[in-house]
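**Student:** A single structure is presented below for examination.
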Amino acid sequence: MTEPALTPSERSGIVRDGLAVGIATGAYGVGFGAVSVASGLSVAQTCVLSLLMFTGASQFALAGVVAAGGAPMSGAATALLLGTRNTLYGLRMAPLLKWRGWRRAAAAHVLIDESTAMSVNRDTTAGARLGFLTTGVAVFVLWNVATAVGAFAGEAVGDPRTFGLDAAVGAAFLALLWPRLKDRRNVLVGVLAAAVALSMVPLTAPGVPVLAAGGVALLVGVLAKGDDPTEVPGPDDVAGGHR
Amino acid sequence: MWTAVIVAGVGCYLLKLAGLSLPEKVLSHPTVERVADLIPVALLAALVAVQVFSGGTSLTLDARVLGLAFAVVALLLRMPFLVVVVGASVVAALARLV
């Protein structure tokens, strides 16, 4: 099957959408930088997280668990569990992007919610690749610049409570969760998981309650019946996408 | 802390690469698919709860709750992510002043 080449207007539309998402998403990298430093990570550790891990929810999770007094390794475990959703995106995107070798290895680094959302609905490989790369690279560059700015600003602020930065973390997690709450089963799992986590707070070391709440996903997933199509974010689910 | 940062960073990259490299049928089992879809929901919900309603090993109720309430309203109004997060901080900070 041969695919028609992208017209110049299709091309510029895809690039424009990708850049818009990059700017909107990159901007809240300032929030991550500030929160991470407020959580007790150094500026260097904060910047390395954005460069190396580069997946917002996992980065916030590591910082959040550490801020709550959890062991760094509990934070790492939570980050890795959240990172598994990028594996799902990859399985979905691979047949569409059709990259091999070093291109695939490089593309994997920018495989995140936003790049997936802005390319999964394209009809052609050329369109998907362009959407994926434009969004992925724009978010990567801006997210890392913003992280550094936020980290230095957070260091200058000192106590996270001064500007309510401690409240920003909960709000950030809620905003990441929000697009997934359209589904009734997800709402149920979310409420159960929150209840399990809170009930364990007084009983266990910080960091453990969040990991234990992952057990709710396991339990409901095993007991539930029926197919659940893999949930991949669309343009409506990411900052700067079509709202 | 550095160990956790590096291990989690490299691990997250490998999870992404695995997704692009493994055959699609790895996840074709419905149970695996359901669990994988529910994990982010459960973890994010637990993180919201723990971040807002606890401090160390005790349950607490403070200005962070007002920040979260603002976030809910802002999300219902489809405000951008940045407004949700910054607004929640400002609300919590103001509540502490009064």
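Letters for chains follow the order of the structure tokens (A, B, ...), residue numbers begin at 1 for each chain, and ligand numbers begin at 1 in the order shown.
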Check every residue of chain B for an atom within 6 Å of chain A, counting only C-alpha atoms, and provide those that qualify as an MDAnalysis selection string.
**Tutor:** chainID B and resid 1 4 8:9 12 15:17 19:20 24 30:31 34:35 38:46 48:49 51:52 56:58 64 67:68 71 82 85 88:89 92:93
**Student:** What residues in stretch 8-96 of chain B get the DSSP label helix (DSSP H, G or I)? Please answer as a ChimeraX atom specification.
**Tutor:** /B:8-21,24-27,30-53,63-76,81-96
